[in-house]
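> What follows is the file input_10.tsv, containing TSV, C-alpha atoms:
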```tsv
chain	number	residue	atom	x	y	z
A	40	MET	CA	0.00	0.00	0.00
A	41	ALA	CA	2.80	2.42	0.92
A	42	ALA	CA	4.53	1.70	-2.36
A	43	GLU	CA	1.31	2.43	-4.25
A	44	VAL	CA	0.82	5.77	-2.45
A	45	TYR	CA	4.45	6.66	-3.17
A	46	TYR	CA	3.98	6.06	-6.90
A	47	GLN	CA	0.90	8.26	-6.99
A	48	ALA	CA	2.70	11.08	-5.18
A	49	ILE	CA	5.87	10.99	-7.21
A	50	GLY	CA	3.89	10.64	-10.42
A	51	THR	CA	2.39	14.09	-9.93
A	52	LEU	CA	5.86	15.57	-9.59
A	53	GLN	CA	7.76	13.62	-12.24
A	54	SER	CA	5.82	12.70	-15.37
A	55	HIS	CA	7.13	10.64	-18.26
A	56	SER	CA	9.68	12.73	-20.13
A	57	HIS	CA	9.89	12.64	-23.92
A	58	LEU	CA	12.27	14.03	-26.50
A	59	ASN	CA	9.60	16.08	-28.27
A	60	ASN	CA	10.21	19.38	-26.46
A	61	PHE	CA	13.98	19.23	-26.82
A	62	ASN	CA	13.56	19.33	-30.60
A	63	HIS	CA	10.29	21.22	-30.95
A	64	HIS	CA	11.73	23.74	-33.41
A	65	GLN	CA	13.68	21.28	-35.55
A	66	LYS	CA	13.08	20.99	-39.26
A	67	HIS	CA	11.49	17.86	-40.67
A	68	GLN	CA	14.71	16.38	-41.95
A	69	ASN	CA	16.11	16.11	-38.44
A	70	THR	CA	13.33	13.67	-37.56
A	71	ILE	CA	14.61	11.08	-40.01
A	72	VAL	CA	16.07	8.14	-38.16
A	73	ARG	CA	19.78	7.60	-38.68
A	74	LEU	CA	20.40	4.14	-40.04
A	75	VAL	CA	24.01	3.52	-39.16
A	76	ALA	CA	25.05	-0.10	-39.50
A	77	ARG	CA	28.36	-1.83	-39.45
A	78	ASP	CA	29.49	-5.42	-39.48
A	79	PHE	CA	29.63	-6.83	-35.97
A	80	ILE	CA	33.05	-7.85	-34.71
A	81	SER	CA	32.87	-9.84	-31.50
A	82	GLY	CA	35.36	-9.52	-28.65
A	83	ASN	CA	37.35	-12.49	-27.39
A	84	GLY	CA	37.12	-14.20	-24.04
A	85	LEU	CA	33.75	-12.70	-23.02
A	86	SER	CA	30.65	-14.70	-22.20
A	87	ARG	CA	27.50	-13.40	-23.82
A	88	ARG	CA	23.77	-13.85	-23.73
A	89	SER	CA	21.48	-12.53	-26.43
A	90	THR	CA	17.79	-11.84	-26.60
A	91	ASN	CA	15.68	-11.61	-29.72
A	92	ARG	CA	13.18	-8.73	-29.74
A	93	SER	CA	12.00	-9.15	-33.34
A	94	GLY	CA	8.46	-9.85	-32.24
A	95	GLN	CA	8.17	-6.28	-30.94
A	96	ARG	CA	10.04	-4.54	-33.73
A	97	ASN	CA	7.14	-3.25	-35.83
A	98	CYS	CA	5.11	-1.58	-33.10
A	99	THR	CA	8.08	-0.11	-31.21
A	100	VAL	CA	9.67	1.36	-34.33
A	101	ILE	CA	6.40	3.11	-35.15
A	102	ARG	CA	6.28	4.64	-31.67
A	103	SER	CA	9.86	5.81	-32.00
A	104	LEU	CA	9.35	7.42	-35.39
A	105	ALA	CA	6.23	9.23	-34.25
A	106	SER	CA	8.20	11.82	-32.28
A	107	PRO	CA	11.13	14.01	-33.34
A	108	THR	CA	14.59	12.70	-32.60
A	109	SER	CA	17.64	14.58	-31.43
A	110	VAL	CA	20.00	16.37	-33.77
A	111	VAL	CA	22.23	14.03	-35.77
A	112	ASP	CA	25.81	13.94	-34.50
A	113	PRO	CA	28.18	14.41	-37.47
A	114	VAL	CA	30.70	12.11	-35.81
A	115	LEU	CA	28.13	9.31	-35.96
A	116	SER	CA	26.63	10.08	-39.36
A	117	PRO	CA	27.56	7.87	-42.32
A	118	SER	CA	29.29	9.57	-45.25
A	119	ARG	CA	27.26	10.37	-48.33
A	120	SER	CA	29.06	7.69	-50.29
A	121	ASN	CA	27.84	4.86	-48.08
A	122	ALA	CA	24.61	6.31	-46.72
A	123	GLY	CA	22.50	4.33	-49.17
A	124	ASP	CA	24.27	1.13	-48.27
A	125	SER	CA	23.78	1.70	-44.54
A	126	ASN	CA	20.04	2.09	-45.04
A	127	LYS	CA	19.91	-1.49	-46.26
A	128	LYS	CA	21.48	-2.83	-43.07
A	129	SER	CA	20.21	-3.17	-39.54
A	130	ASN	CA	20.55	-0.51	-36.87
A	131	GLU	CA	23.26	-0.83	-34.26
A	132	ALA	CA	23.41	1.09	-31.02
A	133	ALA	CA	25.35	1.17	-27.77
A	134	LEU	CA	23.59	0.78	-24.41
A	135	ILE	CA	25.52	1.85	-21.30
A	136	LEU	CA	24.24	1.00	-17.83
A	137	ILE	CA	25.75	2.73	-14.78
A	138	ARG	CA	24.81	2.21	-11.16
A	139	HIS	CA	25.17	5.53	-9.36
A	140	GLY	CA	28.27	6.24	-7.29
A	141	GLU	CA	28.32	5.78	-3.54
A	142	SER	CA	25.75	7.95	-1.75
A	143	LEU	CA	26.07	9.57	1.66
A	144	TRP	CA	23.74	6.92	3.11
A	145	ASN	CA	25.71	4.11	1.44
A	146	GLU	CA	28.68	5.56	3.28
A	147	LYS	CA	26.76	5.44	6.58
A	148	ASN	CA	25.44	1.90	5.90
A	149	LEU	CA	21.80	3.03	5.90
A	150	PHE	CA	18.92	1.64	3.85
A	151	THR	CA	18.30	4.32	1.22
A	152	GLY	CA	15.64	3.07	-1.19
A	153	CYS	CA	13.69	6.01	-2.62
A	154	VAL	CA	14.99	8.61	-0.16
A	155	ASP	CA	16.68	11.30	-2.27
A	156	VAL	CA	20.27	11.35	-0.96
A	157	PRO	CA	23.25	12.87	-2.86
A	158	LEU	CA	26.59	11.28	-3.66
A	159	SER	CA	29.44	11.08	-1.19
A	160	LYS	CA	32.91	12.34	-2.05
A	161	LYS	CA	33.81	8.77	-3.03
A	162	GLY	CA	30.64	8.60	-5.16
A	163	ILE	CA	31.61	11.78	-7.00
A	164	ASP	CA	35.02	10.29	-7.76
A	165	GLU	CA	33.36	7.05	-8.94
A	166	ALA	CA	31.06	8.96	-11.29
A	167	ILE	CA	33.98	10.86	-12.81
A	168	GLU	CA	35.94	7.62	-13.25
A	169	ALA	CA	32.89	6.03	-14.92
A	170	GLY	CA	32.83	8.95	-17.35
A	171	LYS	CA	36.46	8.34	-18.27
A	172	ARG	CA	35.68	4.70	-19.04
A	173	ILE	CA	32.96	5.62	-21.53
A	174	SER	CA	34.51	8.83	-22.87
A	175	SER	CA	34.89	7.44	-26.42
A	176	ILE	CA	31.55	5.62	-26.61
A	177	PRO	CA	28.73	7.60	-28.31
A	178	VAL	CA	25.81	8.85	-26.21
A	179	ASP	CA	22.74	10.40	-27.86
A	180	VAL	CA	20.23	10.34	-25.01
A	181	ILE	CA	20.48	9.73	-21.26
A	182	PHE	CA	17.85	8.21	-18.98
A	183	THR	CA	18.13	8.55	-15.21
A	184	SER	CA	15.91	7.90	-12.24
A	185	ALA	CA	14.18	10.81	-10.50
A	186	LEU	CA	16.71	10.58	-7.65
A	187	ILE	CA	19.61	13.03	-7.35
A	188	ARG	CA	22.36	10.43	-6.88
A	189	ALA	CA	21.62	8.89	-10.28
A	190	GLN	CA	21.36	12.29	-11.95
A	191	MET	CA	24.63	13.48	-10.37
A	192	THR	CA	26.34	10.33	-11.65
A	193	ALA	CA	25.12	10.91	-15.21
A	194	MET	CA	26.09	14.59	-15.22
A	195	LEU	CA	29.53	14.06	-13.71
A	196	ALA	CA	30.24	11.16	-16.05
A	197	MET	CA	29.44	13.27	-19.10
A	198	THR	CA	31.92	15.97	-18.05
A	199	GLN	CA	34.59	13.46	-19.06
A	200	HIS	CA	33.19	12.63	-22.51
A	201	ARG	CA	35.50	13.56	-25.37
A	202	ARG	CA	32.63	14.81	-27.53
A	203	GLY	CA	32.10	17.68	-25.09
A	204	LYS	CA	28.32	17.81	-25.38
A	205	VAL	CA	26.31	19.24	-22.48
A	206	PRO	CA	23.63	17.05	-20.83
A	207	ILE	CA	20.36	18.94	-20.31
A	208	ILE	CA	17.56	17.60	-18.10
A	209	LEU	CA	14.19	17.85	-19.85
A	210	HIS	CA	11.37	19.21	-17.68
A	211	ASN	CA	7.92	18.03	-18.69
A	212	GLU	CA	6.28	18.13	-15.27
A	213	SER	CA	4.19	21.17	-16.23
A	214	GLU	CA	3.48	23.43	-19.18
A	215	ARG	CA	5.43	26.23	-17.50
A	216	ALA	CA	8.42	23.95	-16.91
A	217	ARG	CA	8.40	22.94	-20.57
A	218	SER	CA	8.06	26.52	-21.77
A	219	TRP	CA	10.69	28.02	-19.47
A	220	SER	CA	13.31	25.34	-20.23
A	221	GLN	CA	13.16	25.55	-24.04
A	222	VAL	CA	16.40	25.91	-25.99
A	223	PHE	CA	16.08	28.31	-28.95
A	224	SER	CA	19.54	27.98	-30.49
A	225	GLU	CA	19.92	25.21	-33.07
A	226	ASP	CA	23.70	25.30	-32.63
A	227	THR	CA	23.31	24.82	-28.87
A	228	LYS	CA	20.93	21.91	-29.43
A	229	LYS	CA	23.52	20.21	-31.59
A	230	GLN	CA	25.97	20.39	-28.69
A	231	SER	CA	23.49	19.08	-26.12
A	232	ILE	CA	22.30	15.67	-24.95
A	233	PRO	CA	18.73	15.30	-23.62
A	234	VAL	CA	18.46	13.78	-20.15
A	235	ILE	CA	15.14	12.14	-19.28
A	236	ALA	CA	14.38	11.52	-15.60
A	237	ALA	CA	11.81	8.85	-14.77
A	238	TRP	CA	10.63	7.60	-11.35
A	239	GLN	CA	10.15	4.16	-12.89
A	240	LEU	CA	13.94	3.77	-12.83
A	241	ASN	CA	14.12	4.62	-9.11
A	242	GLU	CA	15.68	2.29	-6.59
A	243	ARG	CA	13.49	-0.33	-4.95
A	244	MET	CA	11.34	1.26	-2.25
A	245	TYR	CA	12.49	-0.24	1.03
A	246	GLY	CA	9.41	0.75	3.03
A	247	GLU	CA	9.91	0.84	6.79
A	248	LEU	CA	13.61	-0.01	6.43
A	249	GLN	CA	14.48	3.32	4.80
A	250	GLY	CA	16.84	5.33	6.98
A	251	LEU	CA	17.63	2.38	9.29
A	252	ASN	CA	21.18	1.20	9.87
A	253	LYS	CA	21.67	-2.16	8.14
A	254	LYS	CA	23.67	-3.73	10.95
A	255	GLU	CA	21.25	-2.57	13.64
A	256	THR	CA	18.31	-3.80	11.56
A	257	ALA	CA	19.93	-7.25	11.28
A	258	ASN	CA	20.41	-7.33	15.06
A	259	ARG	CA	16.78	-6.35	15.59
A	260	TYR	CA	15.02	-8.63	13.09
A	261	GLY	CA	17.69	-11.30	12.62
A	262	LYS	CA	20.20	-11.68	9.83
A	263	GLU	CA	18.14	-14.30	7.98
A	264	GLN	CA	15.04	-12.10	7.88
A	265	VAL	CA	16.94	-9.05	6.65
A	266	HIS	CA	18.77	-11.15	4.06
A	267	GLU	CA	15.41	-12.44	2.82
A	268	TRP	CA	14.08	-8.90	2.48
A	269	ARG	CA	17.19	-7.75	0.64
A	270	ARG	CA	17.99	-10.72	-1.60
A	271	SER	CA	14.76	-12.62	-2.29
A	272	TYR	CA	12.92	-11.98	-5.54
A	273	ASP	CA	9.30	-11.75	-4.41
A	274	ILE	CA	9.35	-10.98	-0.65
A	275	PRO	CA	9.11	-7.24	0.13
A	276	PRO	CA	10.25	-5.52	3.34
A	277	PRO	CA	7.45	-4.10	5.52
A	278	ASN	CA	5.37	-1.70	3.36
A	279	GLY	CA	8.02	-1.74	0.65
A	280	GLU	CA	8.77	-3.28	-2.74
A	281	SER	CA	10.16	-6.67	-3.64
A	282	LEU	CA	12.64	-6.98	-6.50
A	283	GLU	CA	9.79	-8.44	-8.54
A	284	MET	CA	7.70	-5.29	-8.00
A	285	CYS	CA	10.65	-3.08	-8.90
A	286	ALA	CA	11.20	-5.12	-12.07
A	287	GLN	CA	7.60	-4.68	-13.18
A	288	ARG	CA	7.90	-0.89	-13.37
A	289	SER	CA	11.52	-0.57	-14.53
A	290	VAL	CA	11.33	-3.20	-17.28
A	291	ALA	CA	8.00	-1.85	-18.54
A	292	TYR	CA	9.55	1.61	-18.80
A	293	PHE	CA	12.61	0.23	-20.57
A	294	ARG	CA	10.47	-1.54	-23.16
A	295	ASP	CA	8.10	1.39	-23.73
A	296	GLN	CA	10.49	4.37	-23.63
A	297	ILE	CA	14.10	3.24	-23.99
A	298	GLU	CA	14.02	0.30	-26.39
A	299	PRO	CA	12.39	2.39	-29.16
A	300	GLN	CA	15.34	4.78	-28.97
A	301	LEU	CA	17.75	1.88	-29.49
A	302	LEU	CA	15.64	0.54	-32.35
A	303	SER	CA	15.92	3.91	-34.08
A	304	GLY	CA	19.72	3.81	-33.81
A	305	LYS	CA	20.16	6.02	-30.74
A	306	ASN	CA	23.03	5.33	-28.33
A	307	VAL	CA	21.60	5.31	-24.82
A	308	MET	CA	23.06	5.68	-21.34
A	309	ILE	CA	21.03	4.72	-18.25
A	310	SER	CA	22.14	5.96	-14.85
A	311	ALA	CA	20.07	4.28	-12.18
A	312	HIS	CA	20.25	1.96	-9.16
A	313	GLY	CA	21.23	-1.54	-8.12
A	314	ASN	CA	17.75	-3.04	-8.17
A	315	SER	CA	16.27	-1.19	-11.15
A	316	LEU	CA	19.37	-2.05	-13.20
A	317	ARG	CA	19.36	-5.66	-12.03
A	318	SER	CA	15.77	-5.82	-13.25
A	319	ILE	CA	16.72	-4.44	-16.67
A	320	ILE	CA	19.70	-6.81	-16.94
A	321	MET	CA	17.35	-9.68	-16.08
A	322	TYR	CA	15.31	-8.67	-19.12
A	323	LEU	CA	18.30	-8.13	-21.42
A	324	ASP	CA	20.12	-11.35	-20.48
A	325	LYS	CA	16.98	-13.47	-19.96
A	326	LEU	CA	17.98	-14.33	-16.41
A	327	THR	CA	15.73	-16.37	-14.13
A	328	SER	CA	14.47	-15.04	-10.80
A	329	GLN	CA	17.07	-17.21	-9.08
A	330	GLU	CA	19.92	-15.94	-11.26
A	331	VAL	CA	19.07	-12.26	-10.80
A	332	ILE	CA	19.06	-12.35	-6.98
A	333	SER	CA	22.75	-13.32	-7.04
A	334	LEU	CA	23.66	-10.56	-9.50
A	335	GLU	CA	25.78	-7.82	-7.90
A	336	LEU	CA	26.49	-4.43	-9.49
A	337	SER	CA	29.31	-2.25	-8.21
A	338	THR	CA	28.76	1.49	-7.82
A	339	GLY	CA	30.11	3.65	-10.62
A	340	ILE	CA	31.10	0.79	-12.95
A	341	PRO	CA	29.61	1.09	-16.48
A	342	MET	CA	28.30	-1.97	-18.29
A	343	LEU	CA	28.23	-1.97	-22.11
A	344	TYR	CA	25.73	-3.73	-24.37
A	345	ILE	CA	25.58	-3.70	-28.16
A	346	PHE	CA	22.06	-3.67	-29.62
A	347	LYS	CA	21.90	-5.04	-33.13
A	348	GLU	CA	19.25	-6.81	-35.20
A	349	GLY	CA	16.86	-6.87	-32.26
A	350	ARG	CA	19.38	-8.50	-29.91
A	351	PHE	CA	21.21	-7.28	-26.83
A	352	ILE	CA	24.79	-8.53	-26.63
A	353	ARG	CA	26.51	-8.02	-23.30
A	354	ARG	CA	30.08	-6.80	-23.68
A	355	GLY	CA	31.22	-6.21	-20.11
A	356	SER	CA	32.75	-3.09	-18.59
A	357	PRO	CA	35.16	-0.74	-20.35
A	358	ILE	CA	38.39	-0.52	-18.34
A	359	GLY	CA	39.54	2.82	-19.68
A	360	PRO	CA	39.11	5.37	-22.49
A	361	SER	CA	41.95	3.88	-24.54
A	362	GLU	CA	41.19	0.19	-24.09
A	363	ALA	CA	41.33	-1.21	-27.63
A	364	GLY	CA	39.17	-4.21	-26.81
A	365	VAL	CA	36.09	-2.13	-26.06
A	366	TYR	CA	36.04	-0.57	-29.50
A	367	SER	CA	36.71	-3.82	-31.35
A	368	TYR	CA	33.30	-5.05	-30.18
A	369	SER	CA	31.79	-3.15	-33.07
A	370	ARG	CA	33.21	-1.52	-36.19
A	371	ARG	CA	30.86	1.38	-35.60
A	372	LEU	CA	32.33	2.05	-32.15
A	373	ALA	CA	35.84	1.73	-33.57
A	374	LEU	CA	35.06	4.27	-36.30
A	375	TYR	CA	33.50	6.64	-33.78
A	376	LYS	CA	36.62	6.52	-31.61
A	377	GLN	CA	38.84	7.02	-34.66
A	378	LYS	CA	36.88	10.13	-35.66
A	379	LEU	CA	37.23	11.50	-32.12
A	380	ASP	CA	40.97	10.79	-32.23
A	381	ASN	CA	41.22	12.70	-35.51
A	382	MET	CA	39.18	15.63	-34.16
A	383	PHE	CA	41.29	16.10	-31.04
A	384	GLN	CA	44.79	15.42	-32.35
```
Go ahead and render the structure in this file as structure tokens.


Amino acid sequence: MAAEVYYQAIGTLQSHSHLNNFNHHQKHQNTIVRLVARDFISGNGLSRRSTNRSGQRNCTVIRSLASPTSVVDPVLSPSRSNAGDSNKKSNEAALILIRHGESLWNEKNLFTGCVDVPLSKKGIDEAIEAGKRISSIPVDVIFTSALIRAQMTAMLAMTQHRRGKVPIILHNESERARSWSQVFSEDTKKQSIPVIAAWQLNERMYGELQGLNKKETANRYGKEQVHEWRRSYDIPPPNGESLEMCAQRSVAYFRDQIEPQLLSGKNVMISAHGNSLRSIIMYLDKLTSQEVISLELSTGIPMLYIFKEGRFIRRGSPIGPSEAGVYSYSRRLALYKQKLDNMFQ
């Protein structure tokens, strides 16, 4: 019940954000989807799981094409000589998942859940380091939760990106917010990345555990009970959410709002939380409920997927901005990095 009331309250403050307002004044040609495709070159020594989404392709592509898309990045655009050829191939896009850096309540060993707590000094450093790891991977649109620690992580990470674009949070919570936050310079739009905040990507709501010290809670209720609340799939803490409940909202949002962007060729970064990201990875990797409860995500460590031909291919975590292996996963990523190298020589 508490979780349901929370959703209703937060929903009035943070509505679904869309890309429409960011590009409201664009000309029609900027709404054409970029079809950039390259032959896939797999990395060595990495396990992978893939998921076929072809059954959803028709309806999700239509939803994606119905709204304007962001300005085409010239670094990502195919040359005129091979543009026709690329239209005949399948889209390819990068998907980056980042769990936010350490928060001040992580530092104090408190249950945080949906309490809006900022990053600690360590968390700020983790976010900056995450940005260095993905600094040569293209990002066209960013999705974050409605919580400040995820938004701080995304913003700090993008300060390290070699492309130098500025992330701008879209405000669609009211007509005034939309009107007052419009960007009227086309040149500025081209150097910006839309950031969409959604409560559906929030951390699992921990109910009556929020704000409690984890060690003290284990002493009070017993270690086994607290472990069950934290690590089971379908058992929620008192008046809170289970992982299953968190997965229902976060995966539904991913399928409805994020997957269409990938289908249209957009490169997406998601900055969110341990449980909402575990839920999305469960969907991407087709994990069982037993497999997902043992999945651990470190704070501030990016995870890279390649989306191609309706499949998500997990490619692990980039170690650094110059790691050759990351960019050999895909010819498109390799070409993007090469263009950046040429630009900043």

> Of the candidates A:Glu283, A:Ile297, A:Ala237, A:Asp226, which one gets nearest to A:His210 if we count all atoms listed in the file?

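Among A:Glu283, A:Ile297, A:Ala237, A:Asp226, it is A:Ala237 that comes nearest to A:His210.
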
> For a quick check of understanding, using only C-alpha atoms, which of A:Lys376, A:Ala166, A:Gly203, A:Met308 has the smallest distance to A:Ile345?

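Of A:Lys376, A:Ala166, A:Gly203, A:Met308, the one nearest A:Ile345 is A:Met308, counting only C-alpha atoms.
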
> Distance cut-off 9 Å, centre (27.9, 9.4, -8.8) in file coordinates, counting only C-alpha atoms: which residues qualify? Return them as a PyMOL selection string.

chain A and resi 138-142+157-167+169+188-196+338-339

> Would you be able to write out as JSON, numbers by chain which residues have an atom within 12 Å of (26.3, -7.0, -17.7) in the file's coordinates, counting only C-alpha atoms?

{"A": [85, 86, 87, 88, 89, 134, 135, 136, 137, 138, 316, 317, 318, 319, 320, 321, 322, 323, 324, 325, 326, 331, 334, 335, 336, 337, 340, 341, 342, 343, 344, 345, 351, 352, 353, 354, 355, 356, 357]}

> For atom CA of A:Ser315 and atom CA of A:Arg259, quote the distance in Å rounded to one decimal.

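If I compute the distance from atom CA of A:Ser315 to atom CA of A:Arg259, I get 27.2 Å.
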